$ cat start.pdb   # PDB, C-alpha atoms and all ligand atoms
ATOM      1  CA  MET A1409     -14.467 -30.774  -0.516
ATOM      2  CA  LYS A1410     -15.375 -34.429  -0.758
ATOM      3  CA  GLY A1411     -12.104 -36.337  -0.453
ATOM      4  CA  LYS A1412     -10.989 -39.564  -2.028
ATOM      5  CA  LEU A1413     -10.769 -42.841  -0.166
ATOM      6  CA  ILE A1414      -7.592 -44.749  -0.992
ATOM      7  CA  ALA A1415      -6.713 -48.205   0.311
ATOM      8  CA  VAL A1416      -2.985 -48.914   0.193
ATOM      9  CA  SER A1417      -1.925 -52.560   0.446
ATOM     10  CA  GLY A1418       1.209 -54.522  -0.172
ATOM     11  CA  PRO A1419       3.248 -57.312   1.337
ATOM     12  CA  SER A1420       4.853 -56.971   4.728
ATOM     13  CA  GLY A1421       8.245 -55.254   4.474
ATOM     14  CA  VAL A1422       7.531 -53.491   1.182
ATOM     15  CA  GLY A1423       7.733 -50.014   2.717
ATOM     16  CA  LYS A1424       4.112 -48.918   2.385
ATOM     17  CA  GLY A1425       4.089 -47.400   5.869
ATOM     18  CA  THR A1426       7.020 -45.120   5.048
ATOM     19  CA  ILE A1427       5.431 -44.020   1.761
ATOM     20  CA  VAL A1428       2.089 -43.219   3.395
ATOM     21  CA  LYS A1429       3.541 -41.503   6.463
ATOM     22  CA  THR A1430       5.959 -39.351   4.464
ATOM     23  CA  LEU A1431       3.203 -38.302   2.076
ATOM     24  CA  ILE A1432       0.887 -37.372   4.949
ATOM     25  CA  SER A1433       3.612 -35.334   6.665
ATOM     26  CA  ARG A1434       3.750 -33.181   3.514
ATOM     27  CA  ARG A1435       0.062 -32.819   2.768
ATOM     28  CA  ALA A1436      -2.397 -31.325   5.236
ATOM     29  CA  ASP A1437      -5.360 -32.458   3.134
ATOM     30  CA  VAL A1438      -4.552 -36.180   3.472
ATOM     31  CA  VAL A1439      -5.092 -38.236   6.635
ATOM     32  CA  GLU A1440      -4.620 -41.857   7.550
ATOM     33  CA  SER A1441      -7.418 -43.752   9.206
ATOM     34  CA  VAL A1442      -6.539 -45.215  12.601
ATOM     35  CA  SER A1443      -7.688 -48.842  12.647
ATOM     36  CA  CYS A1444      -8.938 -50.889  15.563
ATOM     37  CA  THR A1445      -7.159 -54.115  16.452
ATOM     38  CA  THR A1446      -7.265 -56.858  19.041
ATOM     39  CA  ARG A1447      -3.515 -57.426  18.887
ATOM     40  CA  ALA A1448      -1.302 -56.234  21.735
ATOM     41  CA  PRO A1449       0.580 -52.960  21.256
ATOM     42  CA  ARG A1450       4.219 -53.299  20.204
ATOM     43  CA  PRO A1451       6.811 -51.287  22.121
ATOM     44  CA  GLY A1452       6.353 -47.610  21.293
ATOM     45  CA  GLU A1453       2.855 -47.956  19.863
ATOM     46  CA  VAL A1454       0.340 -45.481  21.237
ATOM     47  CA  ASP A1455      -3.375 -46.180  21.639
ATOM     48  CA  GLY A1456      -5.386 -43.883  19.388
ATOM     49  CA  LYS A1457      -2.361 -43.030  17.257
ATOM     50  CA  HIS A1458      -1.068 -46.272  15.745
ATOM     51  CA  TYR A1459      -4.218 -48.250  16.453
ATOM     52  CA  PHE A1460      -7.142 -48.297  18.830
ATOM     53  CA  PHE A1461      -6.272 -51.388  20.856
ATOM     54  CA  LEU A1462      -9.513 -53.171  21.755
ATOM     55  CA  SER A1463     -10.414 -56.292  23.687
ATOM     56  CA  GLN A1464     -12.088 -59.139  21.768
ATOM     57  CA  GLU A1465     -15.382 -58.224  23.454
ATOM     58  CA  GLU A1466     -15.171 -54.562  22.487
ATOM     59  CA  PHE A1467     -14.208 -55.461  18.915
ATOM     60  CA  GLN A1468     -17.218 -57.782  18.679
ATOM     61  CA  ARG A1469     -19.490 -55.078  20.086
ATOM     62  CA  ARG A1470     -18.319 -52.723  17.324
ATOM     63  CA  ILE A1471     -19.060 -55.385  14.698
ATOM     64  CA  ASP A1472     -22.532 -55.898  16.116
ATOM     65  CA  GLU A1473     -23.150 -52.161  16.011
ATOM     66  CA  ASN A1474     -22.067 -52.017  12.360
ATOM     67  CA  ASP A1475     -19.241 -49.674  13.276
ATOM     68  CA  PHE A1476     -16.697 -51.000  10.765
ATOM     69  CA  LEU A1477     -16.355 -50.151   7.105
ATOM     70  CA  GLU A1478     -14.547 -53.496   6.875
ATOM     71  CA  TYR A1479     -12.880 -55.861   9.288
ATOM     72  CA  ASN A1480     -10.779 -58.953   8.963
ATOM     73  CA  ALA A1481      -8.679 -61.464  10.843
ATOM     74  CA  HIS A1482      -4.967 -61.470  10.071
ATOM     75  CA  PHE A1483      -2.444 -63.740  11.798
ATOM     76  CA  GLU A1484      -5.020 -64.563  14.514
ATOM     77  CA  ASN A1485      -5.783 -60.951  15.356
ATOM     78  CA  ARG A1486      -8.686 -58.870  14.180
ATOM     79  CA  TYR A1487      -8.383 -55.525  12.453
ATOM     80  CA  GLY A1488     -11.126 -53.107  11.440
ATOM     81  CA  THR A1489     -11.593 -49.704   9.840
ATOM     82  CA  PRO A1490     -13.870 -47.396  11.862
ATOM     83  CA  LYS A1491     -16.641 -46.260   9.548
ATOM     84  CA  SER A1492     -17.529 -43.059  11.411
ATOM     85  CA  PHE A1493     -13.966 -41.683  11.281
ATOM     86  CA  VAL A1494     -13.645 -42.388   7.552
ATOM     87  CA  GLU A1495     -16.999 -40.860   6.627
ATOM     88  CA  LYS A1496     -16.414 -37.750   8.731
ATOM     89  CA  SER A1497     -12.859 -37.224   7.453
ATOM     90  CA  LEU A1498     -13.930 -37.588   3.832
ATOM     91  CA  GLN A1499     -16.041 -34.443   4.185
ATOM     92  CA  THR A1500     -12.869 -32.360   4.234
ATOM     93  CA  LYS A1501      -9.882 -34.583   3.431
ATOM     94  CA  HIS A1502      -8.540 -37.502   1.450
ATOM     95  CA  VAL A1503      -8.337 -40.618   3.590
ATOM     96  CA  ILE A1504      -5.761 -43.404   3.275
ATOM     97  CA  LEU A1505      -6.405 -46.868   4.685
ATOM     98  CA  GLU A1506      -3.263 -48.942   5.086
ATOM     99  CA  ILE A1507      -4.801 -52.390   5.074
ATOM    100  CA  GLU A1508      -4.235 -55.892   3.790
ATOM    101  CA  VAL A1509      -5.807 -57.090   0.539
ATOM    102  CA  ASP A1510      -8.934 -58.848   1.813
ATOM    103  CA  GLY A1511      -9.885 -55.818   3.895
ATOM    104  CA  ALA A1512      -9.197 -53.485   0.978
ATOM    105  CA  LEU A1513     -11.434 -55.521  -1.324
ATOM    106  CA  LYS A1514     -14.185 -55.488   1.311
ATOM    107  CA  ALA A1515     -13.822 -51.712   1.705
ATOM    108  CA  LYS A1516     -14.268 -51.358  -2.059
ATOM    109  CA  ALA A1517     -17.335 -53.609  -1.963
ATOM    110  CA  SER A1518     -18.993 -51.338   0.591
ATOM    111  CA  MET A1519     -17.664 -48.066  -0.886
ATOM    112  CA  PRO A1520     -17.121 -48.608  -4.634
ATOM    113  CA  GLU A1521     -15.435 -45.227  -4.986
ATOM    114  CA  CYS A1522     -12.548 -46.553  -2.880
ATOM    115  CA  ILE A1523      -9.349 -46.525  -4.972
ATOM    116  CA  LEU A1524      -7.142 -49.592  -4.511
ATOM    117  CA  VAL A1525      -3.373 -49.097  -4.670
ATOM    118  CA  MET A1526      -0.889 -51.921  -4.241
ATOM    119  CA  ILE A1527       2.748 -51.298  -3.404
ATOM    120  CA  VAL A1528       5.045 -54.029  -4.722
ATOM    121  CA  PRO A1529       8.781 -54.588  -4.282
ATOM    122  CA  PRO A1530      11.176 -54.154  -7.215
ATOM    123  CA  SER A1531      12.290 -57.718  -6.576
ATOM    124  CA  VAL A1532      10.030 -60.306  -4.982
ATOM    125  CA  GLU A1533      13.071 -62.526  -4.477
ATOM    126  CA  GLU A1534      14.823 -59.865  -2.452
ATOM    127  CA  LEU A1535      11.793 -59.226  -0.241
ATOM    128  CA  ARG A1536      11.388 -62.949   0.301
ATOM    129  CA  ALA A1537      15.028 -63.194   1.365
ATOM    130  CA  ARG A1538      14.598 -60.248   3.697
ATOM    131  CA  LEU A1539      11.550 -61.783   5.398
ATOM    132  CA  VAL A1540      13.453 -65.027   5.902
ATOM    133  CA  GLY A1541      16.562 -63.155   7.049
ATOM    134  CA  ARG A1542      14.856 -61.277   9.882
ATOM    135  CA  ASN A1543      15.973 -63.429  12.759
ATOM    136  CA  THR A1544      13.282 -62.235  15.116
ATOM    137  CA  GLU A1545      10.588 -64.688  14.004
ATOM    138  CA  GLY A1546      10.337 -68.452  14.319
ATOM    139  CA  LYS A1547      10.069 -70.825  11.368
ATOM    140  CA  GLU A1548       6.296 -70.947  11.463
ATOM    141  CA  GLU A1549       6.040 -67.174  11.477
ATOM    142  CA  ILE A1550       8.389 -66.985   8.475
ATOM    143  CA  GLU A1551       6.258 -69.545   6.605
ATOM    144  CA  ASN A1552       3.173 -67.458   7.412
ATOM    145  CA  ARG A1553       4.790 -64.331   6.067
ATOM    146  CA  LEU A1554       5.966 -66.008   2.871
ATOM    147  CA  SER A1555       2.592 -67.515   2.065
ATOM    148  CA  ARG A1556       0.984 -64.164   2.835
ATOM    149  CA  LEU A1557       3.460 -62.489   0.475
ATOM    150  CA  GLU A1558       2.434 -64.768  -2.395
ATOM    151  CA  TYR A1559      -1.236 -64.294  -1.557
ATOM    152  CA  GLU A1560      -1.075 -60.491  -1.476
ATOM    153  CA  LEU A1561       0.780 -60.352  -4.797
ATOM    154  CA  SER A1562      -1.707 -62.756  -6.390
ATOM    155  CA  LYS A1563      -4.464 -60.143  -5.886
ATOM    156  CA  LYS A1564      -2.591 -57.457  -7.811
ATOM    157  CA  ASP A1565      -4.866 -57.587 -10.848
ATOM    158  CA  LEU A1566      -7.889 -56.624  -8.742
ATOM    159  CA  TYR A1567      -6.201 -53.343  -7.840
ATOM    160  CA  ASP A1568      -6.711 -50.025  -9.636
ATOM    161  CA  TYR A1569      -3.022 -49.077  -9.442
ATOM    162  CA  VAL A1570       0.254 -50.862  -8.747
ATOM    163  CA  ILE A1571       3.267 -48.849  -7.569
ATOM    164  CA  VAL A1572       6.740 -50.388  -7.594
ATOM    165  CA  ASN A1573       8.657 -49.159  -4.559
ATOM    166  CA  ASP A1574      12.021 -48.857  -6.231
ATOM    167  CA  ASP A1575      12.690 -45.331  -5.045
ATOM    168  CA  LEU A1576      10.842 -43.709  -2.119
ATOM    169  CA  GLU A1577      10.377 -40.264  -3.690
ATOM    170  CA  THR A1578       9.125 -41.720  -6.975
ATOM    171  CA  ALA A1579       6.660 -43.950  -5.136
ATOM    172  CA  ILE A1580       5.370 -40.979  -3.098
ATOM    173  CA  ALA A1581       4.995 -38.907  -6.270
ATOM    174  CA  GLU A1582       3.022 -41.715  -7.927
ATOM    175  CA  LEU A1583       0.667 -42.020  -4.974
ATOM    176  CA  LEU A1584       0.199 -38.232  -4.905
ATOM    177  CA  ALA A1585      -0.608 -38.233  -8.612
ATOM    178  CA  ILE A1586      -3.367 -40.790  -7.987
ATOM    179  CA  ILE A1587      -4.800 -38.640  -5.187
ATOM    180  CA  ASP A1588      -4.652 -35.456  -7.258
ATOM    181  CA  LYS A1589      -5.962 -36.978 -10.469
TER     182      LYS A1589
HETATM  183  P1  LIG B1601       0.359 -55.082  11.958
HETATM  184  O1  LIG B1601      -0.146 -55.987  13.024
HETATM  185  O2  LIG B1601       1.710 -55.469  11.457
HETATM  186  O3  LIG B1601       0.285 -53.632  12.363
HETATM  187  O4  LIG B1601      -0.631 -55.218  10.708
HETATM  188  C1  LIG B1601      -0.896 -56.460  10.144
HETATM  189  C2  LIG B1601      -1.723 -56.275   8.885
HETATM  190  O5  LIG B1601      -3.024 -55.783   9.182
HETATM  191  C3  LIG B1601      -1.113 -55.299   7.879
HETATM  192  O6  LIG B1601      -1.172 -55.876   6.592
HETATM  193  C4  LIG B1601      -2.025 -54.122   7.993
HETATM  194  O7  LIG B1601      -2.031 -53.372   6.788
HETATM  195  C5  LIG B1601      -3.349 -54.772   8.256
HETATM  196  N1  LIG B1601      -4.345 -53.858   8.815
HETATM  197  C6  LIG B1601      -4.143 -52.774   9.595
HETATM  198  N2  LIG B1601      -5.296 -52.152   9.864
HETATM  199  C7  LIG B1601      -6.262 -52.854   9.231
HETATM  200  C8  LIG B1601      -7.693 -52.674   9.106
HETATM  201  O8  LIG B1601      -8.309 -51.753   9.620
HETATM  202  N3  LIG B1601      -8.337 -53.617   8.373
HETATM  203  C9  LIG B1601      -7.706 -54.641   7.752
HETATM  204  N4  LIG B1601      -8.441 -55.482   7.054
HETATM  205  N5  LIG B1601      -6.366 -54.824   7.837
HETATM  206  C10 LIG B1601      -5.658 -53.936   8.559
END

$ encode --input "start.pdb" --output "structure tokens" --more "lines below"
Ligand code: 5GP
Amino acid sequence: MKGKLIAVSGPSGVGKGTIVKTLISRRADVVESVSCTTRAPRPGEVDGKHYFFLSQEEFQRRIDENDFLEYNAHFENRYGTPKSFVEKSLQTKHVILEIEVDGALKAKASMPECILVMIVPPSVEELRARLVGRNTEGKEEIENRLSRLEYELSKKDLYDYVIVNDDLETAIAELLAIIDK
């Protein structure tokens, strides 16, 4: 089988990770690509599972060797999708990339068959309030997140599909329908 490549984007806090991970736990023919990043691991994150955590030098070496399907900087860290993993996996499975909008658009530019899916919140106001309400970040970080939220949503029309994450099971079913179409 030749699988489909699906990039799933959406603002921080919208629940895209839960949708993708639940779907993958139910479907053996769908995998998620493990990205490379230069950011430090958060507590509980495992190298090779959540991300491949690379030094700046190693990340640059991969760029120079044309190893990324796309890469981008996001909040001062770099993130990239390993091309070899995606191409190999697509021989037998559908592959989901959980990446931000600029990266997703770049992935589509290099692989036009890539399907772009954006997950949006039922209420932008509520998500905005939630991002502000998380007391873990400083003011600057909150401003960053809010401007990123507006930016991500402004790219919605460039996407092939938009899923409103009102109900988890409905959102999963909608994403599955896109994969199985
Ligand atoms: P976090 O640091 O919170 O794990 O991710 C920050 C952002 O980077 C998220 O929007 C995430 O989807 C995005 N991201 C993760 N992997 C990649 C990737 O391979 N390429 C791009 N362009 N963005 C990514």

$ resolve_selection --input "start.pdb" --expression "the PyMOL selection byres (((not hetatm)) within 9 of (chain B and resi 1601))" --output "PyMOL selection string"
chain A and resi 1416-1420+1424-1425+1441-1445+1447-1450+1458-1459+1476-1483+1485-1490+1505-1515

$ atom_distance --input "start.pdb" --atom1 "atom CA of A:Glu1533" --atom2 "atom CA of A:Tyr1569"
21.6 Å

$ residues_around --input "start.pdb" --residues "A:Leu1535" --least-positions-apart "3" --cutoff "10 Å" --atoms "all atoms listed in the file" --output "mmCIF file with C-alpha atoms, keeping the file's coordinate frame"
data_model
loop_
_atom_site.group_PDB
_atom_site.id
_atom_site.type_symbol
_atom_site.label_atom_id
_atom_site.label_comp_id
_atom_site.auth_asym_id
_atom_site.auth_seq_id
_atom_site.Cartn_x
_atom_site.Cartn_y
_atom_site.Cartn_z
ATOM 1 C CA PRO A 1419 3.248 -57.312 1.337
ATOM 2 C CA SER A 1420 4.853 -56.971 4.728
ATOM 3 C CA GLY A 1421 8.245 -55.254 4.474
ATOM 4 C CA VAL A 1422 7.531 -53.491 1.182
ATOM 5 C CA VAL A 1528 5.045 -54.029 -4.722
ATOM 6 C CA PRO A 1529 8.781 -54.588 -4.282
ATOM 7 C CA PRO A 1530 11.176 -54.154 -7.215
ATOM 8 C CA SER A 1531 12.290 -57.718 -6.576
ATOM 9 C CA VAL A 1532 10.030 -60.306 -4.982
ATOM 10 C CA ARG A 1538 14.598 -60.248 3.697
ATOM 11 C CA LEU A 1539 11.550 -61.783 5.398
ATOM 12 C CA VAL A 1540 13.453 -65.027 5.902
ATOM 13 C CA GLY A 1541 16.562 -63.155 7.049
ATOM 14 C CA LEU A 1554 5.966 -66.008 2.871
ATOM 15 C CA LEU A 1557 3.460 -62.489 0.475
#

$ closest_residue --input "start.pdb" --among "A:Leu1431, A:Leu1462, A:Lys1589, A:Glu1521" --to "A:Leu1498" --atoms "only C-alpha atoms"
A:Glu1521

$ resolve_selection --input "start.pdb" --expression "the PyMOL selection byres (((chain A and resi 1565) around 12) and not hetatm)" --output "ChimeraX atom specification"
/A:1509,1513,1524-1526,1560-1564,1566-1570

$ atom_distance --input "start.pdb" --atom1 "atom CA of A:Ala1415" --atom2 "atom CA of A:His1502"
10.9 Å

$ atom_distance --input "start.pdb" --atom1 "atom CA of A:Asn1474" --atom2 "atom CA of A:Lys1412"
22.0 Å

$ axis_aligned_box --input "start.pdb" --around "stretch 1465-1468 of chain A" --padding-each-side "5 Å" --output "JSON"
{"center_x": -15.7, "center_y": -56.4, "center_z": 21.1, "size_x": 13.0, "size_y": 13.7, "size_z": 14.8}

$ residues_around --input "start.pdb" --residues "A:Ile1432" --least-positions-apart "2" --cutoff "12 Å" --atoms "all atoms listed in the file" --output "list in words"
Gly1425, Thr1426, Ile1427, Val1428, Lys1429, Thr1430, Arg1434, Arg1435, Ala1436, Asp1437, Val1438, Val1439, Glu1440, Ser1441, Lys1501, His1502, Val1503, Ile1504, Leu1505, Ile1580, Leu1583, Leu1584 and Ile1587 of chain A

$ write_last_selection --input "start.pdb" --atoms "C-alpha atoms" --output "JSON list (two decimals), in the coordinates of the input"
[["chain", "number", "residue", "atom", "x", "y", "z"],
["A", 1425, "GLY", "CA", 4.09, -47.40, 5.87],
["A", 1426, "THR", "CA", 7.02, -45.12, 5.05],
["A", 1427, "ILE", "CA", 5.43, -44.02, 1.76],
["A", 1428, "VAL", "CA", 2.09, -43.22, 3.40],
["A", 1429, "LYS", "CA", 3.54, -41.50, 6.46],
["A", 1430, "THR", "CA", 5.96, -39.35, 4.46],
["A", 1434, "ARG", "CA", 3.75, -33.18, 3.51],
["A", 1435, "ARG", "CA", 0.06, -32.82, 2.77],
["A", 1436, "ALA", "CA", -2.40, -31.32, 5.24],
["A", 1437, "ASP", "CA", -5.36, -32.46, 3.13],
["A", 1438, "VAL", "CA", -4.55, -36.18, 3.47],
["A", 1439, "VAL", "CA", -5.09, -38.24, 6.64],
["A", 1440, "GLU", "CA", -4.62, -41.86, 7.55],
["A", 1441, "SER", "CA", -7.42, -43.75, 9.21],
["A", 1501, "LYS", "CA", -9.88, -34.58, 3.43],
["A", 1502, "HIS", "CA", -8.54, -37.50, 1.45],
["A", 1503, "VAL", "CA", -8.34, -40.62, 3.59],
["A", 1504, "ILE", "CA", -5.76, -43.40, 3.28],
["A", 1505, "LEU", "CA", -6.40, -46.87, 4.68],
["A", 1580, "ILE", "CA", 5.37, -40.98, -3.10],
["A", 1583, "LEU", "CA", 0.67, -42.02, -4.97],
["A", 1584, "LEU", "CA", 0.20, -38.23, -4.90],
["A", 1587, "ILE", "CA", -4.80, -38.64, -5.19]]

$ closest_residue --input "start.pdb" --among "A:Leu1413, A:Gln1468, A:Lys1547, A:Phe1493" --to "A:Ile1586" --atoms "all atoms listed in the file"
A:Leu1413

$ decode --input "start.pdb" --residues "stretch 1476-1502 of chain A" --atoms "N, CA, C and O atoms" --output "PDB file, in the first residue's frame"
ATOM      1  N   PHE A1476      15.756  16.764   5.744  1.00  0.00           N
ATOM      2  CA  PHE A1476      14.432  17.147   6.245  1.00  0.00           C
ATOM      3  C   PHE A1476      13.435  17.363   5.105  1.00  0.00           C
ATOM      4  O   PHE A1476      13.764  17.986   4.095  1.00  0.00           O
ATOM      5  N   LEU A1477      12.242  16.862   5.316  1.00  0.00           N
ATOM      6  CA  LEU A1477      11.152  17.133   4.382  1.00  0.00           C
ATOM      7  C   LEU A1477      10.781  18.614   4.491  1.00  0.00           C
ATOM      8  O   LEU A1477      10.461  19.276   3.508  1.00  0.00           O
ATOM      9  N   GLU A1478      10.803  19.109   5.726  1.00  0.00           N
ATOM     10  CA  GLU A1478      10.632  20.536   6.013  1.00  0.00           C
ATOM     11  C   GLU A1478      11.260  20.796   7.365  1.00  0.00           C
ATOM     12  O   GLU A1478      11.399  19.888   8.168  1.00  0.00           O
ATOM     13  N   TYR A1479      11.644  22.036   7.602  1.00  0.00           N
ATOM     14  CA  TYR A1479      12.089  22.402   8.943  1.00  0.00           C
ATOM     15  C   TYR A1479      11.747  23.862   9.161  1.00  0.00           C
ATOM     16  O   TYR A1479      11.512  24.608   8.212  1.00  0.00           O
ATOM     17  N   ASN A1480      11.699  24.244  10.432  1.00  0.00           N
ATOM     18  CA  ASN A1480      11.275  25.594  10.739  1.00  0.00           C
ATOM     19  C   ASN A1480      11.757  25.976  12.128  1.00  0.00           C
ATOM     20  O   ASN A1480      12.072  25.110  12.943  1.00  0.00           O
ATOM     21  N   ALA A1481      11.791  27.276  12.386  1.00  0.00           N
ATOM     22  CA  ALA A1481      12.092  27.740  13.735  1.00  0.00           C
ATOM     23  C   ALA A1481      10.775  28.151  14.375  1.00  0.00           C
ATOM     24  O   ALA A1481       9.909  28.718  13.714  1.00  0.00           O
ATOM     25  N   HIS A1482      10.612  27.822  15.642  1.00  0.00           N
ATOM     26  CA  HIS A1482       9.363  28.105  16.341  1.00  0.00           C
ATOM     27  C   HIS A1482       9.736  28.450  17.771  1.00  0.00           C
ATOM     28  O   HIS A1482      10.368  27.633  18.450  1.00  0.00           O
ATOM     29  N   PHE A1483       9.370  29.658  18.228  1.00  0.00           N
ATOM     30  CA  PHE A1483       9.768  30.071  19.578  1.00  0.00           C
ATOM     31  C   PHE A1483      11.263  29.802  19.844  1.00  0.00           C
ATOM     32  O   PHE A1483      11.639  29.187  20.838  1.00  0.00           O
ATOM     33  N   GLU A1484      12.107  30.225  18.917  1.00  0.00           N
ATOM     34  CA  GLU A1484      13.567  30.151  19.072  1.00  0.00           C
ATOM     35  C   GLU A1484      14.176  28.758  18.981  1.00  0.00           C
ATOM     36  O   GLU A1484      15.390  28.594  19.115  1.00  0.00           O
ATOM     37  N   ASN A1485      13.355  27.744  18.808  1.00  0.00           N
ATOM     38  CA  ASN A1485      13.921  26.408  18.623  1.00  0.00           C
ATOM     39  C   ASN A1485      13.628  25.946  17.206  1.00  0.00           C
ATOM     40  O   ASN A1485      12.709  26.431  16.567  1.00  0.00           O
ATOM     41  N   ARG A1486      14.432  24.992  16.753  1.00  0.00           N
ATOM     42  CA  ARG A1486      14.211  24.486  15.404  1.00  0.00           C
ATOM     43  C   ARG A1486      13.560  23.109  15.465  1.00  0.00           C
ATOM     44  O   ARG A1486      13.844  22.312  16.373  1.00  0.00           O
ATOM     45  N   TYR A1487      12.701  22.880  14.483  1.00  0.00           N
ATOM     46  CA  TYR A1487      11.972  21.617  14.395  1.00  0.00           C
ATOM     47  C   TYR A1487      12.036  21.131  12.959  1.00  0.00           C
ATOM     48  O   TYR A1487      11.911  21.950  12.040  1.00  0.00           O
ATOM     49  N   GLY A1488      12.192  19.839  12.743  1.00  0.00           N
ATOM     50  CA  GLY A1488      12.229  19.339  11.371  1.00  0.00           C
ATOM     51  C   GLY A1488      11.652  17.942  11.256  1.00  0.00           C
ATOM     52  O   GLY A1488      11.699  17.160  12.202  1.00  0.00           O
ATOM     53  N   THR A1489      11.100  17.664  10.076  1.00  0.00           N
ATOM     54  CA  THR A1489      10.518  16.347   9.799  1.00  0.00           C
ATOM     55  C   THR A1489      11.529  15.502   9.026  1.00  0.00           C
ATOM     56  O   THR A1489      11.918  15.897   7.922  1.00  0.00           O
ATOM     57  N   PRO A1490      11.964  14.372   9.580  1.00  0.00           N
ATOM     58  CA  PRO A1490      12.945  13.541   8.884  1.00  0.00           C
ATOM     59  C   PRO A1490      12.351  12.915   7.615  1.00  0.00           C
ATOM     60  O   PRO A1490      11.364  12.194   7.677  1.00  0.00           O
ATOM     61  N   LYS A1491      12.973  13.241   6.495  1.00  0.00           N
ATOM     62  CA  LYS A1491      12.450  12.794   5.208  1.00  0.00           C
ATOM     63  C   LYS A1491      12.502  11.267   5.058  1.00  0.00           C
ATOM     64  O   LYS A1491      11.543  10.648   4.594  1.00  0.00           O
ATOM     65  N   SER A1492      13.619  10.662   5.498  1.00  0.00           N
ATOM     66  CA  SER A1492      13.774   9.223   5.267  1.00  0.00           C
ATOM     67  C   SER A1492      12.695   8.421   5.997  1.00  0.00           C
ATOM     68  O   SER A1492      12.101   7.499   5.429  1.00  0.00           O
ATOM     69  N   PHE A1493      12.388   8.811   7.238  1.00  0.00           N
ATOM     70  CA  PHE A1493      11.354   8.093   8.001  1.00  0.00           C
ATOM     71  C   PHE A1493      10.000   8.185   7.299  1.00  0.00           C
ATOM     72  O   PHE A1493       9.285   7.192   7.152  1.00  0.00           O
ATOM     73  N   VAL A1494       9.662   9.390   6.842  1.00  0.00           N
ATOM     74  CA  VAL A1494       8.353   9.608   6.211  1.00  0.00           C
ATOM     75  C   VAL A1494       8.254   8.780   4.928  1.00  0.00           C
ATOM     76  O   VAL A1494       7.276   8.050   4.711  1.00  0.00           O
ATOM     77  N   GLU A1495       9.280   8.853   4.095  1.00  0.00           N
ATOM     78  CA  GLU A1495       9.213   8.148   2.809  1.00  0.00           C
ATOM     79  C   GLU A1495       9.130   6.640   3.006  1.00  0.00           C
ATOM     80  O   GLU A1495       8.364   5.956   2.336  1.00  0.00           O
ATOM     81  N   LYS A1496       9.910   6.134   3.967  1.00  0.00           N
ATOM     82  CA  LYS A1496       9.907   4.689   4.222  1.00  0.00           C
ATOM     83  C   LYS A1496       8.549   4.251   4.776  1.00  0.00           C
ATOM     84  O   LYS A1496       7.966   3.262   4.317  1.00  0.00           O
ATOM     85  N   SER A1497       8.025   5.016   5.741  1.00  0.00           N
ATOM     86  CA  SER A1497       6.754   4.636   6.369  1.00  0.00           C
ATOM     87  C   SER A1497       5.603   4.657   5.373  1.00  0.00           C
ATOM     88  O   SER A1497       4.681   3.843   5.456  1.00  0.00           O
ATOM     89  N   LEU A1498       5.664   5.599   4.430  1.00  0.00           N
ATOM     90  CA  LEU A1498       4.563   5.724   3.470  1.00  0.00           C
ATOM     91  C   LEU A1498       4.432   4.506   2.551  1.00  0.00           C
ATOM     92  O   LEU A1498       3.394   4.315   1.928  1.00  0.00           O
ATOM     93  N   GLN A1499       5.484   3.683   2.504  1.00  0.00           N
ATOM     94  CA  GLN A1499       5.395   2.473   1.678  1.00  0.00           C
ATOM     95  C   GLN A1499       4.316   1.540   2.202  1.00  0.00           C
ATOM     96  O   GLN A1499       3.672   0.821   1.452  1.00  0.00           O
ATOM     97  N   THR A1500       4.113   1.563   3.534  1.00  0.00           N
ATOM     98  CA  THR A1500       3.193   0.594   4.133  1.00  0.00           C
ATOM     99  C   THR A1500       2.101   1.220   5.002  1.00  0.00           C
ATOM    100  O   THR A1500       1.149   0.537   5.374  1.00  0.00           O
ATOM    101  N   LYS A1501       2.262   2.494   5.357  1.00  0.00           N
ATOM    102  CA  LYS A1501       1.312   3.089   6.312  1.00  0.00           C
ATOM    103  C   LYS A1501       0.940   4.521   5.942  1.00  0.00           C
ATOM    104  O   LYS A1501       1.628   5.156   5.147  1.00  0.00           O
ATOM    105  N   HIS A1502      -0.117   5.005   6.595  1.00  0.00           N
ATOM    106  CA  HIS A1502      -0.422   6.434   6.533  1.00  0.00           C
ATOM    107  C   HIS A1502       0.451   7.123   7.576  1.00  0.00           C
ATOM    108  O   HIS A1502       0.689   6.567   8.657  1.00  0.00           O
TER     109      HIS A1502
END
